[in-house]
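The next block is protein-v9.csv, given as CSV, C-alpha atoms.
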chain,number,residue,atom,x,y,z
O,1,MET,CA,40.7,-115.5,56.2
O,2,SER,CA,39.0,-116.0,52.9
O,3,SER,CA,40.9,-117.2,49.9
O,4,MET,CA,42.4,-114.7,47.6
O,5,ASN,CA,42.7,-115.9,44.0
O,6,THR,CA,43.6,-112.6,42.4
O,7,PRO,CA,47.0,-111.2,41.5
O,8,ASP,CA,46.6,-109.1,44.7
O,9,ALA,CA,47.8,-112.2,46.5
O,10,ARG,CA,51.2,-111.9,44.8
O,11,GLU,CA,51.5,-108.3,45.9
O,12,ALA,CA,50.5,-109.4,49.5
O,13,LEU,CA,53.3,-112.0,49.4
O,14,GLN,CA,55.8,-109.4,48.1
O,15,ASP,CA,54.8,-106.9,50.7
O,16,TRP,CA,55.1,-109.4,53.5
O,17,ILE,CA,58.5,-110.7,52.3
O,18,SER,CA,59.7,-107.2,51.9
O,19,ASN,CA,58.6,-106.2,55.4
O,20,ASN,CA,60.2,-109.3,56.9
O,21,SER,CA,63.3,-109.6,54.7
O,22,LYS,CA,66.6,-110.5,56.3
O,23,ASN,CA,68.3,-109.0,53.3
O,24,PRO,CA,66.2,-105.8,52.6
O,25,THR,CA,68.7,-104.4,50.1
O,26,ALA,CA,68.4,-107.3,47.8
O,27,PRO,CA,66.0,-106.9,44.9
O,28,LEU,CA,62.6,-108.6,45.2
O,29,ASP,CA,60.1,-109.1,42.4
O,30,PHE,CA,57.7,-112.0,41.6
O,31,SER,CA,60.5,-114.1,40.1
O,32,THR,CA,63.2,-113.5,42.7
O,33,PRO,CA,64.4,-116.7,44.5
O,34,ILE,CA,63.2,-115.8,48.0
O,35,ILE,CA,65.5,-118.2,49.9
O,36,GLU,CA,68.6,-118.1,47.8
O,37,SER,CA,68.5,-114.3,47.8
O,38,GLY,CA,68.6,-114.4,51.6
O,39,HIS,CA,65.3,-112.7,52.1
O,40,LEU,CA,64.0,-115.3,54.6
O,41,ASP,CA,65.5,-117.6,57.2
O,42,SER,CA,63.7,-120.7,58.4
O,43,ALA,CA,61.5,-118.8,60.8
O,44,GLY,CA,60.6,-116.4,58.0
O,45,VAL,CA,59.8,-119.2,55.7
O,46,LEU,CA,57.5,-120.8,58.3
O,47,GLU,CA,55.7,-117.5,58.8
O,48,LEU,CA,55.3,-117.2,55.0
O,49,ILE,CA,53.8,-120.7,54.9
O,50,PHE,CA,51.2,-119.6,57.4
O,51,LEU,CA,50.5,-116.5,55.4
O,52,ILE,CA,50.0,-118.6,52.3
O,53,GLU,CA,47.5,-120.7,54.2
O,54,ASP,CA,45.7,-117.6,55.2
O,55,LEU,CA,45.6,-116.3,51.6
O,56,SER,CA,44.5,-119.6,50.1
O,57,GLY,CA,42.2,-120.8,52.9
O,58,GLU,CA,43.9,-124.2,52.7
O,59,GLU,CA,46.3,-125.9,55.0
O,60,ILE,CA,49.6,-126.8,53.3
O,61,ASP,CA,50.9,-130.3,53.7
O,62,VAL,CA,54.6,-129.9,54.3
O,63,GLU,CA,55.2,-132.9,52.1
O,64,GLU,CA,54.1,-130.8,49.2
O,65,LEU,CA,56.8,-128.2,49.8
O,66,ASP,CA,59.9,-128.4,47.8
O,67,ALA,CA,62.5,-126.0,46.5
O,68,GLU,CA,60.8,-125.7,43.1
O,69,THR,CA,57.3,-124.9,44.3
O,70,PHE,CA,58.6,-122.5,46.9
O,71,ARG,CA,61.2,-120.9,44.7
O,72,ASP,CA,59.6,-117.5,44.1
O,73,ILE,CA,56.4,-115.5,44.5
O,74,ASN,CA,55.1,-116.7,41.1
O,75,THR,CA,55.7,-120.4,41.8
O,76,ILE,CA,54.1,-120.1,45.2
O,77,TYR,CA,51.1,-118.3,43.8
O,78,ASN,CA,50.6,-120.8,41.0
O,79,GLU,CA,51.1,-123.8,43.3
O,80,PHE,CA,49.3,-122.8,46.4
O,81,ILE,CA,47.0,-119.9,45.8
O,82,CYS,CA,45.9,-119.8,42.2
O,83,ALA,CA,45.3,-123.6,42.2
O,84,THR,CA,43.1,-123.4,45.3
O,85,PRO,CA,39.3,-123.4,44.4
O,86,ALA,CA,37.7,-120.1,45.4
O,87,GLY,CA,35.8,-120.5,48.7
J,1,MET,CA,72.4,-139.5,60.1
J,2,ALA,CA,69.2,-141.4,59.8
J,3,ALA,CA,70.7,-144.3,61.6
J,4,THR,CA,71.3,-142.1,64.6
J,5,GLY,CA,67.6,-141.2,64.7
J,6,HIS,CA,66.5,-144.8,64.2
J,7,LEU,CA,68.9,-146.0,66.9
J,8,ALA,CA,67.5,-143.6,69.4
J,9,SER,CA,64.0,-144.3,68.3
J,10,SER,CA,64.3,-148.0,68.7
J,11,GLU,CA,66.0,-147.4,72.1
J,12,ALA,CA,63.0,-145.4,73.2
J,13,HIS,CA,60.5,-147.9,71.9
J,14,LEU,CA,62.4,-150.6,73.7
J,15,PHE,CA,62.2,-148.7,76.9
J,16,ALA,CA,58.5,-147.8,76.5
J,17,SER,CA,57.6,-151.4,75.7
J,18,THR,CA,59.4,-153.2,78.5
J,19,SER,CA,58.8,-153.1,82.2
J,20,ARG,CA,62.1,-154.7,82.8
J,21,LEU,CA,65.0,-152.4,83.5
J,22,GLY,CA,67.5,-155.0,82.4
J,23,ALA,CA,66.7,-155.0,78.7
J,24,TRP,CA,66.7,-151.3,78.5
J,25,LEU,CA,69.9,-150.9,80.5
J,26,MET,CA,71.6,-153.4,78.3
J,27,SER,CA,70.6,-151.5,75.2
J,28,MET,CA,71.5,-148.1,76.7
J,29,SER,CA,74.8,-149.3,77.9
J,30,ARG,CA,75.7,-150.8,74.5
J,31,THR,CA,74.7,-147.6,72.7
J,32,ALA,CA,76.3,-145.3,75.2
J,33,GLY,CA,79.7,-146.9,74.8
J,34,LYS,CA,79.4,-147.0,71.1
J,35,ARG,CA,78.3,-143.4,71.0
J,36,ALA,CA,81.2,-142.2,73.1
J,37,HIS,CA,83.6,-144.0,70.7
J,38,GLU,CA,81.9,-142.4,67.7
J,39,LEU,CA,82.0,-138.9,69.2
J,40,THR,CA,85.6,-139.3,70.1
J,41,ARG,CA,86.4,-140.2,66.5
J,42,THR,CA,84.3,-137.2,65.3
J,43,LEU,CA,86.1,-134.8,67.5
J,44,ALA,CA,89.5,-136.1,66.3
J,45,THR,CA,88.7,-136.1,62.6
J,46,GLN,CA,86.7,-132.9,62.3
J,47,PRO,CA,89.0,-130.0,63.1
J,48,SER,CA,86.5,-127.5,61.5
J,49,VAL,CA,83.8,-128.2,64.1
J,50,PRO,CA,82.8,-124.9,65.7
J,51,PRO,CA,84.1,-124.3,69.3
J,52,ILE,CA,80.6,-124.5,70.9
J,53,ASN,CA,80.0,-127.8,69.2
J,54,ARG,CA,83.4,-129.1,70.3
J,55,HIS,CA,82.5,-128.4,73.9
J,56,LEU,CA,79.1,-130.1,73.5
J,57,LEU,CA,81.0,-133.0,71.9
J,58,LYS,CA,83.3,-133.3,74.9
J,59,ASP,CA,80.4,-133.1,77.3
J,60,GLN,CA,78.6,-135.8,75.4
J,61,ILE,CA,81.6,-138.1,75.3
J,62,ASN,CA,82.1,-137.7,79.1
J,63,GLN,CA,78.4,-138.3,79.7
J,64,ASN,CA,78.2,-141.3,77.5
J,65,ARG,CA,81.3,-142.8,79.1
J,66,LEU,CA,79.7,-142.2,82.5
J,67,ALA,CA,76.4,-143.7,81.3
J,68,ASP,CA,78.2,-146.7,80.0
J,69,ARG,CA,79.9,-147.4,83.3
J,70,TYR,CA,76.9,-146.6,85.4
J,71,LEU,CA,74.4,-148.5,83.3
J,72,GLN,CA,76.6,-151.6,83.3
J,73,LEU,CA,76.8,-151.4,87.0
J,74,ARG,CA,73.1,-151.0,87.4
J,75,LEU,CA,72.6,-153.9,85.0
J,76,ARG,CA,74.5,-156.2,87.3
J,77,LEU,CA,72.8,-154.9,90.4
J,78,SER,CA,69.2,-154.4,89.4
J,79,GLY,CA,68.4,-156.0,86.1
J,80,ARG,CA,65.1,-157.1,87.4
J,81,GLU,CA,63.9,-153.8,88.8
J,82,SER,CA,61.0,-151.9,87.2
J,83,ALA,CA,62.3,-149.4,84.7
J,84,SER,CA,60.6,-146.6,86.5
J,85,ARG,CA,63.0,-147.0,89.4
J,86,LEU,CA,65.8,-145.5,87.3
J,87,PHE,CA,64.1,-142.1,87.2
J,88,GLU,CA,63.0,-139.6,89.7
J,89,TYR,CA,60.4,-137.0,88.6
J,90,ASN,CA,59.9,-133.5,89.9
J,91,LEU,CA,57.1,-132.3,87.7
J,92,HIS,CA,55.1,-129.2,88.4
J,93,ASP,CA,51.4,-129.6,88.9
J,94,GLU,CA,50.7,-127.3,86.0
J,95,PHE,CA,52.7,-129.6,83.7
J,96,LEU,CA,50.8,-132.7,85.0
J,97,SER,CA,47.5,-130.9,84.4
J,98,ALA,CA,48.5,-129.9,80.9
J,99,ARG,CA,49.5,-133.5,80.1
J,100,ALA,CA,46.3,-134.9,81.7
J,101,GLU,CA,44.3,-132.7,79.4
J,102,ARG,CA,46.5,-133.5,76.4
J,103,LYS,CA,47.3,-129.8,75.8
J,104,PRO,CA,49.9,-128.9,73.2
J,105,THR,CA,53.1,-128.7,75.2
J,106,LEU,CA,56.5,-127.2,74.5
J,107,LEU,CA,59.3,-128.2,76.8
J,108,LEU,CA,62.4,-125.9,76.9
J,109,PHE,CA,65.7,-127.5,77.8
J,110,TRP,CA,69.3,-126.5,78.2
J,111,HIS,CA,72.4,-128.6,77.6
J,112,ALA,CA,72.9,-129.2,81.4
J,113,GLY,CA,72.9,-131.8,84.0
J,114,LEU,CA,72.6,-135.2,82.4
J,115,MET,CA,71.5,-134.7,78.8
J,116,ARG,CA,71.2,-138.3,77.9
J,117,GLY,CA,68.4,-138.9,80.5
J,118,VAL,CA,65.9,-136.5,78.9
J,119,PHE,CA,64.1,-138.7,76.5
J,120,PRO,CA,64.1,-142.1,78.3
J,121,ALA,CA,62.7,-140.2,81.3
J,122,LEU,CA,60.0,-138.6,79.3
J,123,SER,CA,59.2,-141.7,77.2
J,124,VAL,CA,57.9,-143.4,80.4
J,125,PHE,CA,54.7,-141.5,80.1
J,126,GLU,CA,55.0,-139.7,76.7
J,127,PRO,CA,56.2,-142.1,74.1
J,128,ASP,CA,55.8,-139.7,71.2
J,129,ILE,CA,57.8,-136.7,72.4
J,130,ARG,CA,59.9,-135.1,69.6
J,131,LEU,CA,63.0,-133.0,69.7
J,132,ILE,CA,63.9,-130.1,67.4
J,133,LYS,CA,67.5,-130.5,66.2
J,134,SER,CA,69.4,-129.6,63.2
J,135,GLU,CA,71.5,-131.9,60.9
J,136,ARG,CA,74.5,-129.8,61.9
J,137,ALA,CA,73.9,-130.7,65.5
J,138,PHE,CA,73.5,-134.4,64.5
J,139,LYS,CA,77.1,-134.4,63.3
J,140,THR,CA,78.5,-133.3,66.6
J,141,GLU,CA,76.1,-134.3,69.3
J,142,SER,CA,74.9,-137.5,70.8
J,143,ALA,CA,71.4,-138.7,70.2
J,144,GLY,CA,69.1,-139.9,72.9
J,145,ALA,CA,65.8,-138.7,71.6
J,146,PRO,CA,63.0,-141.1,70.6
J,147,ALA,CA,62.2,-139.1,67.5
J,148,PHE,CA,63.9,-136.5,65.5
J,149,LEU,CA,62.0,-134.1,63.3
J,150,THR,CA,65.2,-133.5,61.4
J,151,ASP,CA,65.2,-137.0,60.2
J,152,GLN,CA,62.9,-135.7,57.5
J,153,ALA,CA,65.3,-133.1,56.3
J,154,GLU,CA,67.4,-133.8,53.3
J,155,SER,CA,69.5,-130.7,54.0
J,156,ALA,CA,69.5,-127.9,56.5
J,157,THR,CA,68.0,-125.3,54.2
J,158,ALA,CA,65.6,-122.6,55.4
J,159,LEU,CA,62.8,-124.4,53.6
J,160,ASN,CA,63.6,-127.8,55.1
J,161,ASN,CA,64.0,-126.3,58.6
J,162,ALA,CA,60.6,-124.5,58.2
J,163,LYS,CA,59.0,-127.8,57.2
J,164,LEU,CA,60.4,-129.4,60.3
J,165,LEU,CA,59.1,-126.6,62.5
J,166,LYS,CA,55.7,-126.8,60.9
J,167,SER,CA,55.7,-130.5,61.6
J,168,ALA,CA,56.6,-129.7,65.2
J,169,ILE,CA,53.7,-127.3,65.5
J,170,GLY,CA,51.3,-130.0,64.0
J,171,HIS,CA,52.7,-132.5,66.5
J,172,MET,CA,51.9,-130.2,69.4
J,173,ARG,CA,48.5,-129.3,68.1
J,174,GLU,CA,47.7,-133.0,68.3
J,175,GLY,CA,48.3,-132.8,72.0
J,176,ASN,CA,51.9,-134.0,72.1
J,177,ILE,CA,55.1,-132.7,73.5
J,178,VAL,CA,57.9,-131.1,71.5
J,179,ALA,CA,61.2,-130.3,73.2
J,180,ASN,CA,63.6,-127.6,72.2
J,181,TYR,CA,67.1,-126.8,73.4
J,182,LEU,CA,67.5,-123.1,73.8
J,183,ASP,CA,71.3,-123.3,73.8
J,184,GLY,CA,71.3,-125.7,70.8
J,185,THR,CA,73.1,-125.2,67.6
J,186,SER,CA,70.1,-125.5,65.3
J,187,GLY,CA,68.6,-122.6,63.5
J,188,GLY,CA,70.3,-119.4,62.3
J,189,SER,CA,68.5,-116.7,64.3
J,190,THR,CA,69.2,-115.7,67.8
J,191,VAL,CA,67.8,-113.6,70.6
J,192,GLU,CA,69.8,-111.9,73.3
J,193,VAL,CA,69.2,-112.5,77.0
J,194,SER,CA,70.9,-111.9,80.3
J,195,PHE,CA,72.5,-115.0,81.8
J,196,MET,CA,74.8,-115.2,84.8
J,197,GLY,CA,75.6,-111.5,84.6
J,198,THR,CA,76.3,-111.4,80.9
J,199,ASN,CA,74.4,-111.1,77.7
J,200,ILE,CA,74.3,-114.2,75.6
J,201,ALA,CA,72.7,-115.2,72.3
J,202,LEU,CA,70.4,-118.1,72.3
J,203,ARG,CA,68.3,-119.7,69.6
J,204,ARG,CA,65.0,-117.9,68.9
J,205,GLY,CA,61.8,-119.5,67.6
J,206,SER,CA,60.3,-121.0,70.8
J,207,ALA,CA,57.8,-118.2,71.2
J,208,MET,CA,56.7,-118.6,67.6
J,209,LEU,CA,56.3,-122.4,68.0
J,210,ALA,CA,54.3,-122.0,71.2
J,211,THR,CA,52.1,-119.3,69.7
J,212,ARG,CA,51.4,-121.1,66.5
J,213,ALA,CA,50.7,-124.4,68.4
J,214,LYS,CA,48.8,-122.6,71.2
J,215,ALA,CA,51.1,-124.6,73.4
J,216,ARG,CA,51.8,-124.3,77.1
J,217,VAL,CA,55.5,-123.8,77.7
J,218,PHE,CA,57.5,-125.3,80.6
J,219,PRO,CA,61.1,-125.1,81.6
J,220,ALA,CA,62.9,-128.4,82.1
J,221,LEU,CA,66.2,-130.2,82.5
J,222,THR,CA,67.5,-133.5,83.5
J,223,ARG,CA,70.2,-134.1,86.1
J,224,TRP,CA,71.9,-136.9,88.0
J,225,SER,CA,70.7,-137.2,91.6
J,226,THR,CA,73.7,-138.4,93.6
J,227,SER,CA,71.7,-138.9,96.7
J,228,GLN,CA,69.0,-141.0,95.0
J,229,ARG,CA,71.3,-142.5,92.3
J,230,ARG,CA,68.7,-141.8,89.7
J,231,LEU,CA,68.1,-139.6,86.7
J,232,GLN,CA,66.0,-136.7,87.7
J,233,LEU,CA,63.6,-134.9,85.3
J,234,LEU,CA,62.7,-131.5,86.5
J,235,VAL,CA,59.8,-129.6,84.9
J,236,GLY,CA,59.0,-126.2,86.4
J,237,ALA,CA,55.9,-124.0,86.4
J,238,GLN,CA,54.4,-122.9,83.2
J,239,LEU,CA,56.1,-119.9,81.6
J,240,ASP,CA,54.0,-116.9,80.6
J,241,GLU,CA,52.4,-117.4,77.2
J,242,PRO,CA,54.0,-115.4,74.4
J,243,ASP,CA,51.9,-112.5,73.5
J,244,ALA,CA,52.7,-111.5,70.0
J,245,ASP,CA,51.5,-110.7,66.5
J,246,PHE,CA,54.2,-112.6,64.6
J,247,ALA,CA,53.4,-110.8,61.5
J,248,ALA,CA,55.3,-107.9,63.0
J,249,GLU,CA,59.1,-108.5,63.3
J,250,SER,CA,59.5,-106.1,66.3
J,251,ASN,CA,56.7,-107.8,68.2
J,252,SER,CA,58.0,-111.3,67.6
J,253,GLN,CA,61.5,-110.4,68.7
J,254,ALA,CA,60.1,-109.0,72.0
J,255,ALA,CA,58.1,-112.2,72.5
J,256,GLU,CA,61.1,-114.4,71.8
J,257,GLN,CA,63.2,-112.4,74.2
J,258,ALA,CA,60.6,-112.5,77.0
J,259,LEU,CA,60.0,-116.2,76.8
J,260,THR,CA,63.7,-117.1,76.5
J,261,GLN,CA,64.6,-114.8,79.4
J,262,SER,CA,61.9,-116.4,81.6
J,263,TYR,CA,63.5,-119.8,81.0
J,264,VAL,CA,67.0,-118.5,81.7
J,265,ARG,CA,65.7,-117.0,85.0
J,266,TRP,CA,64.4,-120.4,86.0
J,267,PHE,CA,67.6,-122.1,84.9
J,268,GLU,CA,69.7,-119.5,86.9
J,269,GLN,CA,67.6,-120.2,90.0
J,270,HIS,CA,68.2,-123.9,89.5
J,271,LEU,CA,72.0,-123.4,89.2
J,272,THR,CA,72.1,-121.5,92.5
J,273,THR,CA,71.4,-124.8,94.2
J,274,HIS,CA,72.9,-127.2,91.7
J,275,PRO,CA,76.0,-125.5,90.3
J,276,ALA,CA,77.4,-128.8,89.2
J,277,ASP,CA,74.8,-129.0,86.5
J,278,ILE,CA,76.7,-126.5,84.4
J,279,ILE,CA,78.5,-128.4,81.7
J,280,SER,CA,81.5,-127.1,79.8
J,281,ALA,CA,79.5,-126.0,76.9
J,282,THR,CA,77.6,-123.6,79.1
J,283,THR,CA,80.8,-122.3,80.6
J,284,TYR,CA,82.1,-121.7,77.1
J,285,LEU,CA,78.9,-119.9,76.2
J,286,ILE,CA,79.2,-117.5,79.2
J,287,SER,CA,82.8,-116.8,78.2
J,288,ASN,CA,82.0,-116.5,74.5
J,289,PRO,CA,78.4,-115.1,74.6
J,290,GLN,CA,77.9,-114.7,70.8
J,291,GLN,CA,79.4,-118.0,69.7
J,292,ILE,CA,76.3,-120.3,69.3
How does the structure come out when it is put into structure tokens?
Amino acid sequence: MSSMNTPDAREALQDWISNNSKNPTAPLDFSTPIIESGHLDSAGVLELIFLIEDLSGEEIDVEELDAETFRDINTIYNEFICATPAG
Amino acid sequence: MAATGHLASSEAHLFASTSRLGAWLMSMSRTAGKRAHELTRTLATQPSVPPINRHLLKDQINQNRLADRYLQLRLRLSGRESASRLFEYNLHDEFLSARAERKPTLLLFWHAGLMRGVFPALSVFEPDIRLIKSERAFKTESAGAPAFLTDQAESATALNNAKLLKSAIGHMREGNIVANYLDGTSGGSTVEVSFMGTNIALRRGSAMLATRAKARVFPALTRWSTSQRRLQLLVGAQLDEPDADFAAESNSQAAEQALTQSYVRWFEQHLTTHPADIISATTYLISNPQQI
């Protein structure tokens, strides 16, 4: 999939998390902590990582992943999608 | 925690690097006795350990004590034998073919038979096999694996577990084996299957791992062969490849259920001829099907 460097990527992330949420009644916006709020378990986080790779067109090195960069949709977008050169 | 992984890792490297059974037996015997002592202490000092883990602990203690006694005996009798004489392999042709072609491979195991034999047996021809295990499991179960993906985790959060699973997928994509215990205590999500006439909850995620790694999946277990006096490693025919779009929750659940059920059918078939391979943790699971 080609990289997506537009704000649409954040909406795509939000839609995907919302559709796969383990806690669908919890609020979800671009700054909601996605793990702390219970939206995703480990399998969900893994699938989200693959989605981010699809959106950015770049493979993510797991060493780059930490709680800060993976905190919410905004931090994910800024770290892994917005920062990726358009291809 | 890390020491457990390093201990097991060095144990496997020692085994892989020596053709002399004696050195490995000596190491195994020493670690098995020490492990039984450590686990006994854990069981006594951690009253909050969940019931299923307590059963696994007791099984591990018994098996390590047996291993300690058996290995010491073997050491006296056969310290100069080839290491390969300790193991007996019953490997399906499809598995051998997959390994010859270095295909990504996922081995599904159950806490049955002789758990401690899994990784030494595999390390004879696959030195870089890895096991998926949680830190929670580390605290209550014996080691025995050459490498632990969970060594990398600082804590068992969803993110860290996801990182470990991604590492596992990468490991398989490079042509290696990853092993996963379906009745293990790692992970938080389950899938329900029929086992021994009752519905039980087992860990889900194997189908996703296999799909993402494009791995071939095989059922496996290790057991003690009384007649041959060897550790047996059994690997069955390849299970059907998961067919799922994992972007859709309902599809992925169905794929997890199908793959897990196909392992359970193979395991049930095995138990009809080897009922002694049921350990107390499995018995507990049947009586308390939602307790993993």
What are the residues of chain J that have an atom within 7 Å of an atom of chain O, counting all atoms listed in the file, as a PyMOL selection string? chain J and resi 158-159+161-163+166+205+249
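For the set J:Val235, J:Met172, J:Leu56, J:Ala276, the residue with the smallest atom-to-atom gap to Phe218 of chain J is J:Val235, counting all atoms listed in the file.
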Distance query Arg102 of chain J at most 6 Å, all atoms listed in the file, self and fewer than 2 positions along chain excluded, as a compact mmCIF listing (two decimals) with C-alpha atoms, in the coordinates of the input:
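Resulting contents of selection_6.txt:
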# COMPACT_ATOMS: atom_id res chain seq x y z
CA ARG J 99 49.50 -133.50 80.10
CA ALA J 100 46.30 -134.90 81.70
CA GLY J 175 48.30 -132.80 72.00
Surrounding residues of Pro219 of chain J excluding itself and chain neighbours under 2 positions, 8 Å, all atoms listed in the file, as a PyMOL selection string: chain J and resi 107-109+217+221+235-239+263+266-267
Within 10 Å of Ile76 of chain O, counting all atoms listed in the file, which residues qualify if same-chain residues fewer than 6 places away don't, as JSON, numbers by chain? {"O": [10, 13, 30, 49, 52, 65, 68, 69, 70, 82, 83]}
Do you have the atom CA of Ile177 of chain J-atom CA of Leu165 of chain J distance handy? 13.2 Å
Distance in Å - atom CA of Glu58 of chain O versus atom CA of Ile132 of chain J: 25.5 Å
Provide the atom CA of Phe195 of chain J to atom CA of Trp224 of chain J distance in Å, to one decimal place. 22.8 Å
